[in-house]
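For reference, data.cif is printed below; it contains mmCIF, C-alpha atoms.
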```
data_protein
#
loop_
_atom_site.label_atom_id
_atom_site.label_comp_id
_atom_site.auth_asym_id
_atom_site.auth_seq_id
_atom_site.Cartn_x
_atom_site.Cartn_y
_atom_site.Cartn_z
CA MET A 1 -22.20 88.62 7.19
CA GLU A 2 -21.79 90.40 3.83
CA GLY A 3 -21.35 87.09 1.99
CA PHE A 4 -24.78 85.90 3.08
CA ARG A 5 -26.36 89.18 1.99
CA LYS A 6 -24.78 88.83 -1.46
CA ILE A 7 -26.06 85.26 -1.78
CA GLU A 8 -29.54 86.26 -0.66
CA TRP A 9 -29.61 89.04 -3.27
CA ALA A 10 -28.57 86.61 -6.01
CA GLU A 11 -31.18 84.06 -4.94
CA ARG A 12 -33.88 86.71 -5.25
CA TYR A 13 -33.18 87.18 -8.98
CA MET A 14 -32.19 83.64 -10.00
CA LYS A 15 -35.75 82.50 -10.54
CA VAL A 16 -35.05 79.68 -13.02
CA LEU A 17 -32.44 78.08 -10.79
CA GLY A 18 -34.83 78.62 -7.89
CA LYS A 19 -37.51 76.53 -9.60
CA ILE A 20 -35.00 73.80 -10.38
CA ARG A 21 -33.86 73.90 -6.76
CA ASP A 22 -37.43 73.40 -5.54
CA GLN A 23 -37.72 70.40 -7.84
CA PHE A 24 -34.36 69.02 -6.69
CA ARG A 25 -35.40 69.24 -3.02
CA LYS A 26 -38.26 66.86 -3.77
CA GLU A 27 -36.49 64.50 -6.17
CA ARG A 28 -32.95 64.44 -4.66
CA PRO A 29 -31.40 63.41 -8.03
CA LEU A 30 -27.82 63.71 -6.74
CA GLU A 31 -28.30 61.68 -3.55
CA GLY A 32 -25.05 59.80 -2.87
CA PHE A 33 -23.03 61.73 -5.47
CA LYS A 34 -19.96 63.83 -4.71
CA VAL A 35 -19.55 66.95 -6.85
CA GLY A 36 -16.17 68.66 -7.26
CA MET A 37 -16.33 72.21 -8.57
CA ALA A 38 -13.87 74.82 -9.87
CA LEU A 39 -15.82 77.99 -10.63
CA HIS A 40 -15.55 81.68 -9.85
CA VAL A 41 -16.52 81.68 -6.18
CA GLU A 42 -18.98 84.54 -5.85
CA ALA A 43 -22.65 84.95 -4.98
CA LYS A 44 -24.25 83.40 -8.09
CA THR A 45 -21.98 80.37 -7.81
CA ALA A 46 -23.00 79.97 -4.17
CA VAL A 47 -26.64 79.66 -5.28
CA LEU A 48 -25.63 76.83 -7.63
CA VAL A 49 -23.73 75.13 -4.78
CA LYS A 50 -26.79 75.33 -2.52
CA THR A 51 -28.95 73.93 -5.34
CA LEU A 52 -26.67 70.90 -5.70
CA VAL A 53 -26.67 70.35 -1.94
CA ASP A 54 -30.47 70.46 -1.95
CA ALA A 55 -30.32 67.81 -4.70
CA GLY A 56 -28.51 65.53 -2.25
CA ALA A 57 -24.91 66.05 -3.35
CA GLU A 58 -21.81 66.40 -1.22
CA VAL A 59 -19.98 69.40 -2.68
CA ALA A 60 -16.40 70.67 -2.60
CA ILE A 61 -15.46 73.84 -4.45
CA THR A 62 -12.54 76.10 -5.23
CA GLY A 63 -11.91 79.01 -7.57
CA CYS A 64 -11.09 78.65 -11.25
CA ASN A 65 -9.03 81.83 -11.30
CA PRO A 66 -6.63 83.12 -8.61
CA MET A 67 -8.18 86.61 -8.50
CA SER A 68 -11.92 86.04 -8.93
CA THR A 69 -12.92 84.69 -5.52
CA GLN A 70 -15.00 86.89 -3.25
CA ASP A 71 -13.70 85.96 0.20
CA ASP A 72 -16.90 86.93 2.02
CA VAL A 73 -18.88 84.51 -0.16
CA ALA A 74 -16.27 81.78 0.35
CA ASP A 75 -16.54 82.34 4.11
CA ALA A 76 -20.33 82.10 3.90
CA LEU A 77 -20.09 78.76 2.09
CA ARG A 78 -17.74 77.41 4.73
CA GLU A 79 -20.12 78.69 7.41
CA ILE A 80 -22.92 76.50 6.03
CA GLY A 81 -20.66 73.44 5.91
CA ILE A 82 -19.40 73.45 2.32
CA ALA A 83 -15.81 72.32 1.72
CA CYS A 84 -14.60 75.54 0.07
CA PHE A 85 -10.87 75.91 -0.66
CA ALA A 86 -11.07 79.20 -2.55
CA LYS A 87 -9.22 82.34 -1.50
CA ARG A 88 -8.66 85.57 -3.39
CA GLY A 89 -5.13 86.34 -4.55
CA MET A 90 -3.66 82.84 -4.38
CA ASP A 91 -0.32 82.24 -6.04
CA VAL A 92 0.00 79.47 -8.62
CA ASP A 93 1.04 76.82 -6.10
CA GLU A 94 -1.84 77.66 -3.76
CA TYR A 95 -4.27 77.67 -6.66
CA TYR A 96 -3.32 74.18 -7.80
CA GLU A 97 -3.23 72.83 -4.25
CA ALA A 98 -6.82 74.04 -3.83
CA LEU A 99 -7.77 72.15 -7.01
CA ARG A 100 -6.07 69.05 -5.62
CA ASN A 101 -8.08 69.38 -2.40
CA VAL A 102 -11.30 69.30 -4.41
CA ILE A 103 -10.14 66.19 -6.27
CA ARG A 104 -9.23 64.50 -2.99
CA ILE A 105 -12.93 64.13 -2.10
CA ARG A 106 -13.05 61.70 -5.05
CA PRO A 107 -15.84 63.43 -6.99
CA ASP A 108 -18.34 61.48 -9.06
CA ILE A 109 -19.22 64.60 -11.05
CA VAL A 110 -16.94 67.53 -11.91
CA ILE A 111 -18.14 71.03 -12.72
CA ASP A 112 -15.31 73.07 -14.22
CA ASP A 113 -14.65 76.52 -15.67
CA GLY A 114 -11.53 76.63 -17.81
CA ALA A 115 -10.83 72.87 -17.47
CA ASP A 116 -7.98 73.13 -14.93
CA LEU A 117 -9.69 70.62 -12.65
CA ILE A 118 -10.27 68.21 -15.52
CA PHE A 119 -6.67 68.77 -16.70
CA LEU A 120 -5.33 67.68 -13.29
CA LEU A 121 -7.50 64.57 -13.48
CA HIS A 122 -5.76 63.70 -16.75
CA GLY A 123 -2.24 64.24 -15.44
CA GLU A 124 -0.90 64.51 -11.94
CA MET A 125 -4.05 63.12 -10.28
CA GLU A 126 -5.27 60.73 -12.96
CA SER A 127 -5.73 57.92 -10.41
CA TYR A 128 -8.79 59.83 -9.17
CA ALA A 129 -10.32 60.00 -12.66
CA GLU A 130 -11.60 56.43 -12.55
CA ASN A 131 -14.21 57.54 -10.02
CA VAL A 132 -15.54 60.39 -12.22
CA LYS A 133 -18.82 59.56 -13.96
CA GLY A 134 -18.83 62.76 -16.01
CA ALA A 135 -18.09 66.47 -16.02
CA SER A 136 -19.49 69.74 -17.32
CA GLU A 137 -17.53 72.73 -18.59
CA GLU A 138 -18.66 76.33 -18.26
CA THR A 139 -16.61 78.41 -20.67
CA THR A 140 -15.28 78.65 -24.22
CA THR A 141 -11.63 78.34 -23.18
CA GLY A 142 -12.30 75.09 -21.36
CA VAL A 143 -14.34 73.61 -24.20
CA ILE A 144 -11.49 74.35 -26.63
CA ARG A 145 -9.09 72.38 -24.39
CA LEU A 146 -11.55 69.51 -23.96
CA ARG A 147 -12.28 69.15 -27.67
CA ALA A 148 -8.52 68.93 -28.25
CA MET A 149 -8.38 66.13 -25.66
CA GLU A 150 -11.28 64.35 -27.38
CA ARG A 151 -9.54 64.61 -30.77
CA GLU A 152 -6.39 63.08 -29.29
CA GLY A 153 -8.41 60.26 -27.69
CA VAL A 154 -7.21 60.98 -24.14
CA LEU A 155 -10.48 62.04 -22.50
CA LYS A 156 -11.13 59.75 -19.53
CA PHE A 157 -14.83 60.52 -18.98
CA PRO A 158 -17.75 62.21 -20.77
CA VAL A 159 -18.04 65.99 -20.59
CA ILE A 160 -21.11 68.18 -21.16
CA ALA A 161 -20.09 71.43 -22.89
CA VAL A 162 -22.52 73.66 -21.01
CA ASN A 163 -20.91 76.64 -22.76
CA ASP A 164 -22.39 75.39 -26.05
CA ALA A 165 -25.99 75.52 -24.82
CA TYR A 166 -27.96 78.28 -26.55
CA THR A 167 -29.21 79.59 -23.21
CA LYS A 168 -25.59 79.88 -22.10
CA TYR A 169 -23.47 81.39 -24.86
CA LEU A 170 -26.09 83.57 -26.53
CA PHE A 171 -26.78 85.31 -23.23
CA ASP A 172 -23.92 84.71 -20.76
CA ASN A 173 -21.14 85.23 -23.30
CA ARG A 174 -22.81 88.10 -25.15
CA TYR A 175 -24.87 90.07 -22.64
CA GLY A 176 -23.04 88.88 -19.53
CA THR A 177 -19.49 89.50 -20.71
CA GLY A 178 -20.56 92.61 -22.59
CA GLN A 179 -22.01 94.32 -19.54
CA SER A 180 -19.61 93.00 -16.91
CA ALA A 181 -16.37 93.64 -18.83
CA ILE A 182 -17.33 97.26 -19.47
CA ASP A 183 -18.40 97.50 -15.81
CA GLY A 184 -14.97 96.23 -14.72
CA VAL A 185 -13.10 98.73 -16.89
CA ILE A 186 -15.20 101.62 -15.63
CA ARG A 187 -14.95 100.63 -11.97
CA ALA A 188 -11.19 100.20 -12.22
CA THR A 189 -10.52 103.47 -14.06
CA ASN A 190 -13.50 105.79 -13.40
CA LEU A 191 -13.00 107.10 -16.94
CA LEU A 192 -15.54 108.10 -19.58
CA MET A 193 -16.20 105.63 -22.40
CA ALA A 194 -17.94 108.13 -24.68
CA GLY A 195 -15.65 109.49 -27.36
CA LYS A 196 -12.84 107.01 -26.74
CA THR A 197 -11.62 104.45 -29.23
CA VAL A 198 -12.16 100.99 -27.76
CA VAL A 199 -10.38 98.12 -29.48
CA VAL A 200 -12.09 94.76 -28.99
CA ALA A 201 -9.93 91.75 -29.84
CA GLY A 202 -12.12 88.87 -30.98
CA TYR A 203 -15.65 88.90 -32.35
CA GLY A 204 -16.99 85.68 -30.90
CA TRP A 205 -20.02 85.95 -28.65
CA CYS A 206 -18.02 87.57 -25.83
CA GLY A 207 -16.39 90.08 -28.18
CA ARG A 208 -19.75 90.85 -29.78
CA GLY A 209 -21.15 91.70 -26.37
CA VAL A 210 -18.22 93.92 -25.41
CA ALA A 211 -18.31 95.75 -28.75
CA MET A 212 -22.07 96.27 -28.54
CA ARG A 213 -21.95 97.65 -24.99
CA ALA A 214 -18.93 99.88 -25.68
CA ARG A 215 -20.72 101.39 -28.69
CA GLY A 216 -23.82 101.85 -26.56
CA MET A 217 -21.78 103.99 -24.17
CA GLY A 218 -20.60 106.24 -26.98
CA ALA A 219 -17.24 104.67 -27.77
CA ASN A 220 -15.77 104.41 -31.26
CA VAL A 221 -15.28 100.66 -31.54
CA VAL A 222 -12.61 98.86 -33.55
CA VAL A 223 -12.62 95.06 -33.85
CA THR A 224 -9.61 92.85 -34.57
CA GLU A 225 -10.12 89.28 -35.80
CA VAL A 226 -8.38 86.31 -37.44
CA ASP A 227 -11.59 84.64 -38.65
CA GLU A 228 -12.86 85.86 -42.02
CA ILE A 229 -16.53 85.26 -41.30
CA ARG A 230 -16.49 86.91 -37.89
CA ALA A 231 -14.55 89.85 -39.30
CA LEU A 232 -17.17 90.22 -42.03
CA GLU A 233 -19.94 90.11 -39.43
CA ALA A 234 -18.23 92.87 -37.46
CA VAL A 235 -17.96 95.03 -40.56
CA MET A 236 -21.63 94.54 -41.37
CA ASP A 237 -22.56 95.21 -37.75
CA GLY A 238 -21.06 98.66 -38.30
CA PHE A 239 -17.66 98.33 -36.64
CA ARG A 240 -14.29 99.20 -38.07
CA VAL A 241 -12.14 96.10 -38.54
CA MET A 242 -8.38 96.20 -38.89
CA LYS A 243 -5.18 94.45 -37.85
CA MET A 244 -4.03 94.86 -34.27
CA GLU A 245 -0.85 96.59 -35.48
CA GLU A 246 -3.02 99.38 -36.92
CA ALA A 247 -5.54 99.40 -34.08
CA ALA A 248 -2.69 99.73 -31.59
CA LYS A 249 -1.93 103.23 -32.90
CA ILE A 250 -5.41 104.62 -32.32
CA GLY A 251 -6.87 102.72 -29.37
CA ASP A 252 -7.52 104.31 -25.99
CA ILE A 253 -8.85 101.15 -24.33
CA PHE A 254 -8.07 97.57 -25.42
CA ILE A 255 -10.22 94.62 -24.33
CA THR A 256 -9.21 91.09 -25.33
CA ALA A 257 -11.86 88.36 -25.58
CA THR A 258 -10.42 85.60 -27.76
CA GLY A 259 -9.54 82.58 -25.62
CA ASN A 260 -6.08 82.58 -27.22
CA ARG A 261 -2.67 83.81 -26.14
CA ASP A 262 -0.41 86.74 -27.08
CA ILE A 263 -3.16 88.80 -28.72
CA ILE A 264 -1.50 92.04 -27.59
CA ARG A 265 2.26 91.66 -27.96
CA GLU A 266 5.35 93.82 -27.57
CA GLU A 267 5.18 95.16 -31.12
CA HIS A 268 1.63 96.32 -30.48
CA ILE A 269 2.42 97.93 -27.12
CA ARG A 270 5.27 99.90 -28.73
CA ARG A 271 2.77 101.46 -31.15
CA MET A 272 0.27 102.50 -28.46
CA LYS A 273 -0.50 106.00 -27.24
CA ASP A 274 0.61 107.37 -23.92
CA GLY A 275 -2.08 106.36 -21.42
CA ALA A 276 -3.43 103.33 -23.30
CA ILE A 277 -5.46 101.00 -21.08
CA LEU A 278 -5.22 97.20 -21.45
CA ALA A 279 -7.89 94.84 -20.13
CA ASN A 280 -8.69 91.17 -20.63
CA ALA A 281 -12.08 89.45 -20.63
CA GLY A 282 -10.76 86.00 -21.62
CA HIS A 283 -10.48 83.21 -19.06
CA PHE A 284 -6.69 83.05 -18.65
CA ASN A 285 -4.19 85.90 -18.24
CA VAL A 286 -2.32 85.06 -21.44
CA GLU A 287 -4.12 87.25 -23.98
CA ILE A 288 -1.93 90.25 -23.13
CA ASP A 289 1.80 89.46 -23.19
CA ILE A 290 2.50 90.52 -19.59
CA PRO A 291 6.10 89.18 -19.52
CA ALA A 292 6.89 91.47 -22.48
CA LEU A 293 5.29 94.40 -20.66
CA GLU A 294 7.43 93.64 -17.60
CA ARG A 295 10.60 93.54 -19.73
CA MET A 296 9.76 96.81 -21.45
CA ALA A 297 8.96 98.73 -18.26
CA LYS A 298 11.49 101.06 -16.69
CA ALA A 299 9.25 101.26 -13.63
CA LYS A 300 5.80 100.24 -12.50
CA ARG A 301 3.41 101.19 -9.73
CA GLU A 302 -0.20 100.78 -8.62
CA ALA A 303 -1.97 103.84 -9.99
CA ARG A 304 -5.36 102.78 -8.59
CA LYS A 305 -6.78 99.60 -7.18
CA TYR A 306 -6.62 97.04 -10.01
CA VAL A 307 -4.66 99.46 -12.22
CA THR A 308 -0.94 98.89 -12.75
CA GLU A 309 0.97 101.71 -14.43
CA TYR A 310 3.91 100.65 -16.61
CA ASP A 311 6.39 103.44 -17.32
CA LEU A 312 7.97 102.64 -20.67
CA GLY A 313 10.07 105.80 -20.74
CA GLU A 314 8.47 107.62 -23.65
CA LYS A 315 4.95 106.76 -22.45
CA ARG A 316 2.89 105.00 -19.81
CA VAL A 317 0.39 102.21 -20.35
CA TYR A 318 -2.04 100.79 -17.82
CA LEU A 319 -2.86 97.13 -17.23
CA LEU A 320 -6.14 96.35 -15.45
CA ALA A 321 -6.68 93.46 -13.01
CA GLU A 322 -3.16 92.04 -13.61
CA GLY A 323 -4.38 90.90 -17.02
CA ARG A 324 -6.92 88.55 -15.48
CA LEU A 325 -10.68 88.63 -15.98
CA VAL A 326 -11.44 92.31 -15.59
CA ASN A 327 -15.14 91.67 -14.99
CA LEU A 328 -14.51 89.41 -11.99
CA VAL A 329 -11.42 91.04 -10.51
CA ALA A 330 -12.51 94.68 -10.73
CA ALA A 331 -16.30 94.10 -10.67
CA ASP A 332 -18.89 91.50 -9.63
CA GLY A 333 -18.86 89.31 -12.72
CA HIS A 334 -21.86 88.64 -14.92
CA PRO A 335 -25.29 90.01 -14.03
CA VAL A 336 -27.38 87.79 -11.76
CA GLU A 337 -30.20 87.16 -14.25
CA VAL A 338 -27.75 85.95 -16.90
CA MET A 339 -26.03 83.51 -14.56
CA ASP A 340 -29.49 82.25 -13.61
CA MET A 341 -29.64 80.56 -17.02
CA SER A 342 -26.00 79.43 -17.11
CA PHE A 343 -26.17 77.81 -13.70
CA ALA A 344 -29.59 76.33 -14.42
CA ASN A 345 -27.83 74.55 -17.29
CA GLN A 346 -25.06 73.40 -14.93
CA ALA A 347 -27.56 72.02 -12.42
CA LEU A 348 -29.45 70.17 -15.16
CA ALA A 349 -26.19 68.86 -16.62
CA ALA A 350 -25.23 67.40 -13.23
CA LYS A 351 -28.62 65.68 -13.00
CA TYR A 352 -28.28 64.41 -16.58
CA ILE A 353 -24.85 62.94 -15.84
CA ALA A 354 -26.10 61.28 -12.65
CA GLU A 355 -28.94 59.63 -14.57
CA ASN A 356 -27.16 58.75 -17.84
CA TRP A 357 -23.43 58.34 -17.18
CA GLU A 358 -23.43 54.61 -17.94
CA LYS A 359 -24.71 55.30 -21.48
CA LEU A 360 -22.27 58.12 -22.29
CA GLU A 361 -19.01 57.70 -24.17
CA ARG A 362 -15.73 59.45 -23.37
CA ARG A 363 -16.39 62.48 -25.51
CA VAL A 364 -17.63 66.08 -25.38
CA TYR A 365 -21.41 66.45 -25.63
CA ARG A 366 -23.74 69.40 -25.95
CA LEU A 367 -26.38 69.73 -23.29
CA PRO A 368 -29.50 67.95 -24.64
CA GLU A 369 -31.61 70.45 -26.57
CA GLU A 370 -34.75 69.66 -24.59
CA LEU A 371 -33.01 70.84 -21.41
CA ASP A 372 -31.68 73.94 -23.17
CA ARG A 373 -35.18 74.83 -24.38
CA MET A 374 -36.65 74.08 -20.97
CA VAL A 375 -34.34 76.71 -19.45
CA ALA A 376 -35.48 79.21 -22.11
CA ARG A 377 -39.15 78.51 -21.38
CA MET A 378 -38.60 78.86 -17.64
CA LYS A 379 -36.74 82.13 -18.15
CA LEU A 380 -39.51 83.58 -20.30
CA GLU A 381 -42.07 82.49 -17.72
CA SER A 382 -40.07 84.15 -14.94
CA MET A 383 -40.11 87.37 -16.99
CA GLY A 384 -43.85 87.19 -17.58
CA VAL A 385 -43.41 86.69 -21.33
CA GLU A 386 -45.79 84.46 -23.31
CA ILE A 387 -45.17 83.22 -26.85
CA ASP A 388 -47.28 81.58 -29.53
CA GLU A 389 -47.51 77.84 -30.17
CA LEU A 390 -47.68 76.10 -33.54
CA THR A 391 -51.09 74.84 -34.58
CA GLU A 392 -51.49 71.21 -35.69
CA GLU A 393 -51.83 72.42 -39.28
CA GLN A 394 -48.60 74.42 -39.01
CA ILE A 395 -46.77 71.41 -37.59
CA ARG A 396 -47.97 69.27 -40.49
CA TYR A 397 -46.98 71.97 -43.00
CA LEU A 398 -43.43 72.14 -41.62
CA SER A 399 -43.01 68.38 -41.74
CA ASP A 400 -44.57 67.62 -45.15
CA TRP A 401 -42.35 68.08 -48.22
CA ARG A 402 -45.37 67.87 -50.53
CA CYS A 403 -46.74 71.28 -49.50
CA GLY A 404 -45.90 73.90 -52.11
CA THR A 405 -47.32 76.97 -53.78
#
```
File written out as structure tokens:
Amino acid sequence: MEGFRKIEWAERYMKVLGKIRDQFRKERPLEGFKVGMALHVEAKTAVLVKTLVDAGAEVAITGCNPMSTQDDVADALREIGIACFAKRGMDVDEYYEALRNVIRIRPDIVIDDGADLIFLLHGEMESYAENVKGASEETTTGVIRLRAMEREGVLKFPVIAVNDAYTKYLFDNRYGTGQSAIDGVIRATNLLMAGKTVVVAGYGWCGRGVAMRARGMGANVVVTEVDEIRALEAVMDGFRVMKMEEAAKIGDIFITATGNRDIIREEHIRRMKDGAILANAGHFNVEIDIPALERMAKAKREARKYVTEYDLGEKRVYLLAEGRLVNLVAADGHPVEVMDMSFANQALAAKYIAENWEKLERRVYRLPEELDRMVARMKLESMGVEIDELTEEQIRYLSDWRCGT
């Protein structure tokens, strides 16, 4: 089965998670725990699922986005006895019913991506929340929602913001999104990046990665931002920075990566060239105002797989992957070696929750730094890279304020 081959390929290159899995087989830190998951159901995620099962957990999983599931991988998980409710192309009702099915196992630990699962546990299915010992969240969008819940005092259980681990966002968000978003655009369109003007909305770690990779392929990159410091960084990194209303006039390809809504709106679309391509690398399909695009269109058709052509009369614009995550809908998501670190963090977060949940408050935590650094050390080791260590004298020097000239 193709799904098993994909999983086997991912396992071959996820060496950090593989070491953790070997350790989990011996220790069984999740024995007796039920884990409910909402992640992009593809090969790398399947390796995480198998790691948690080897740790002793009972696992149920569904997708965290209606278009990101790889059905052959979902079938493979079901084949090995995992309760997997994910299916590619679900409508909104099906998507939320799949989330409900995960919650119905009464999970002790929740692993989420985008916080939809956690959101249901704080609303419609809050009666199930009393069983949850803790949760972990994979992505920036979800962490934003969860920190808002913490500020309002409504969070019902502790959450580990895995996204905020150094070995997650510095690599997954930057190198993972950078490579995979460009990969998705190219696979969907089969167009040349070199010489085109690529507008990247947002210069957080995801936007940085997209801008860096687009420039590396010969594109002229423009960045749009609302944050003064990030905008200044983009300027000093050598990118042109301007308002979206100006960038809209010159862009050939637009890639949103902000975690916010309505980044590309009707007034921007009206300024765009004939043939402009719109893609989104943010978690939800709200960064491009698709309802406005639908209202403006005189006609629409599928120009290619994952490419919708909107005929606006005087010009045509193209929306990729229905405005959803272009890297997961039109491509295979983040590179395997990057997700090795991200999912190593998730596995360690689950173990940490299982061992410490009684001591944790109902708030959002970073993954403990010692676990974050452990993942970095294991990754370097897997790559055959050795680094120096501080001498005792150097350690004393760094800790003694009396040392001077």
When the PyMOL selection byres ((chain A and resi 163) around 9) is applied to the structure above, which residues does it catch, written out as a compact mmCIF listing (two decimals) with C-alpha atoms, keeping the file's coordinate frame?
```txt
# COMPACT_ATOMS: atom_id res chain seq x y z
CA SER A 136 -19.49 69.74 -17.32
CA GLU A 137 -17.53 72.73 -18.59
CA GLU A 138 -18.66 76.33 -18.26
CA THR A 139 -16.61 78.41 -20.67
CA THR A 140 -15.28 78.65 -24.22
CA GLY A 142 -12.30 75.09 -21.36
CA VAL A 143 -14.34 73.61 -24.20
CA ILE A 160 -21.11 68.18 -21.16
CA ALA A 161 -20.09 71.43 -22.89
CA VAL A 162 -22.52 73.66 -21.01
CA ASP A 164 -22.39 75.39 -26.05
CA ALA A 165 -25.99 75.52 -24.82
CA TYR A 166 -27.96 78.28 -26.55
CA THR A 167 -29.21 79.59 -23.21
CA LYS A 168 -25.59 79.88 -22.10
CA TYR A 169 -23.47 81.39 -24.86
CA ASP A 172 -23.92 84.71 -20.76
CA ASN A 173 -21.14 85.23 -23.30
CA SER A 342 -26.00 79.43 -17.11
CA ARG A 366 -23.74 69.40 -25.95
CA LEU A 367 -26.38 69.73 -23.29
```
Each side padded by 4 Å, which centre and which edge lengths in Å (one decimal) define the axis-aligned box around the listed atoms of region 142-158 of chain A? Give them as AutoDock Vina command-line options.
```
--center_x -12.1 --center_y 67.4 --center_z -24.9 --size_x 19.4 --size_y 23.3 --size_z 19.8
```
* Asked: If we count all atoms listed in the file, what is near Asp183 (chain A) at a cut-off of 10 Å, once residues fewer than 5 positions away on the same chain are taken out, given as number ranges by chain?
  -> A: 177-178, 188, 190, 213, 326-328, 330-334
* Asked: Skipping near chain neighbours, those fewer than 3 positions away, what residues fall within 9 Å of region 27-42 of chain A using only C-alpha atoms, listed as a PyMOL selection string?
  -> chain A and resi 3+6-7+22-24+45-46+49+52-65+67-74+84+86-87+99+102-103+105-117+138+328+332-333+350-351+354-355
* Evaluate the PyMOL selection byres ((chain A and resi 264-266) around 9) and report residues as a list in words -> Ala201, Met244, Ala248, Phe254, Thr256, Arg261, Asp262, Ile263, Glu267, His268, Ile269, Arg270, Arg271, Leu278, Glu287, Ile288, Asp289, Ile290, Ala292, Leu293 and Met296 of chain A
Residues within 7 Å of His283 (chain A), please, as a PDB file with C-alpha atoms, in the frame of the given file. Count all atoms listed in the file; anything in the same chain fewer than 5 positions from it doesn't count.
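out.pdb was written with the following content:
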```
ATOM      1  CA  GLY A 114     -11.530  76.630 -17.810  1.00  0.00           C
ATOM      2  CA  THR A 141     -11.630  78.340 -23.180  1.00  0.00           C
ATOM      3  CA  GLY A 259      -9.540  82.580 -25.620  1.00  0.00           C
ATOM      4  CA  LEU A 325     -10.680  88.630 -15.980  1.00  0.00           C
TER       5      LEU A 325
END
```
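In terms of minimum interatomic distance to Gly134 (chain A), A:Ile353 ranks closest within A:Val200, A:Leu48, A:Ala181, A:Ile353, counting only C-alpha atoms.
CA of Arg362 (chain A) is positioned 16.7 Å from CA of Leu120 (chain A).
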* **Which residue of A:Met212, A:Ile253, A:Val92, A:Val338 approaches Val199 (chain A) most closely, using all atoms listed in the file** =>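 Smallest separation from Val199 (chain A) among the options: A:Ile253.
The point (-20.5, 59.3, -20.1) has these residues within 6 Å of it when only C-alpha atoms are used: Gly134, Phe157, Pro158, Trp357, Glu358, Lys359, Leu360, Glu361 and Arg362 of chain A.
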* Asked: CA of Met378 (chain A) and CA of Thr391 (chain A), how far apart in Å?
  -> 21.4 Å
* Near-Lys298 (chain A) list (8 Å; only C-alpha atoms; drop same-chain fewer than 6 positions) as a PyMOL selection string -> chain A and resi 310-313
* To do: Excluding Met242 (chain A) and any residue of its chain fewer than 2 positions from it, enumerate the residues within 8 Å of it, using all atoms listed in the file, and give them as a PyMOL selection string.
  => chain A and resi 222-225+240+244+246-247
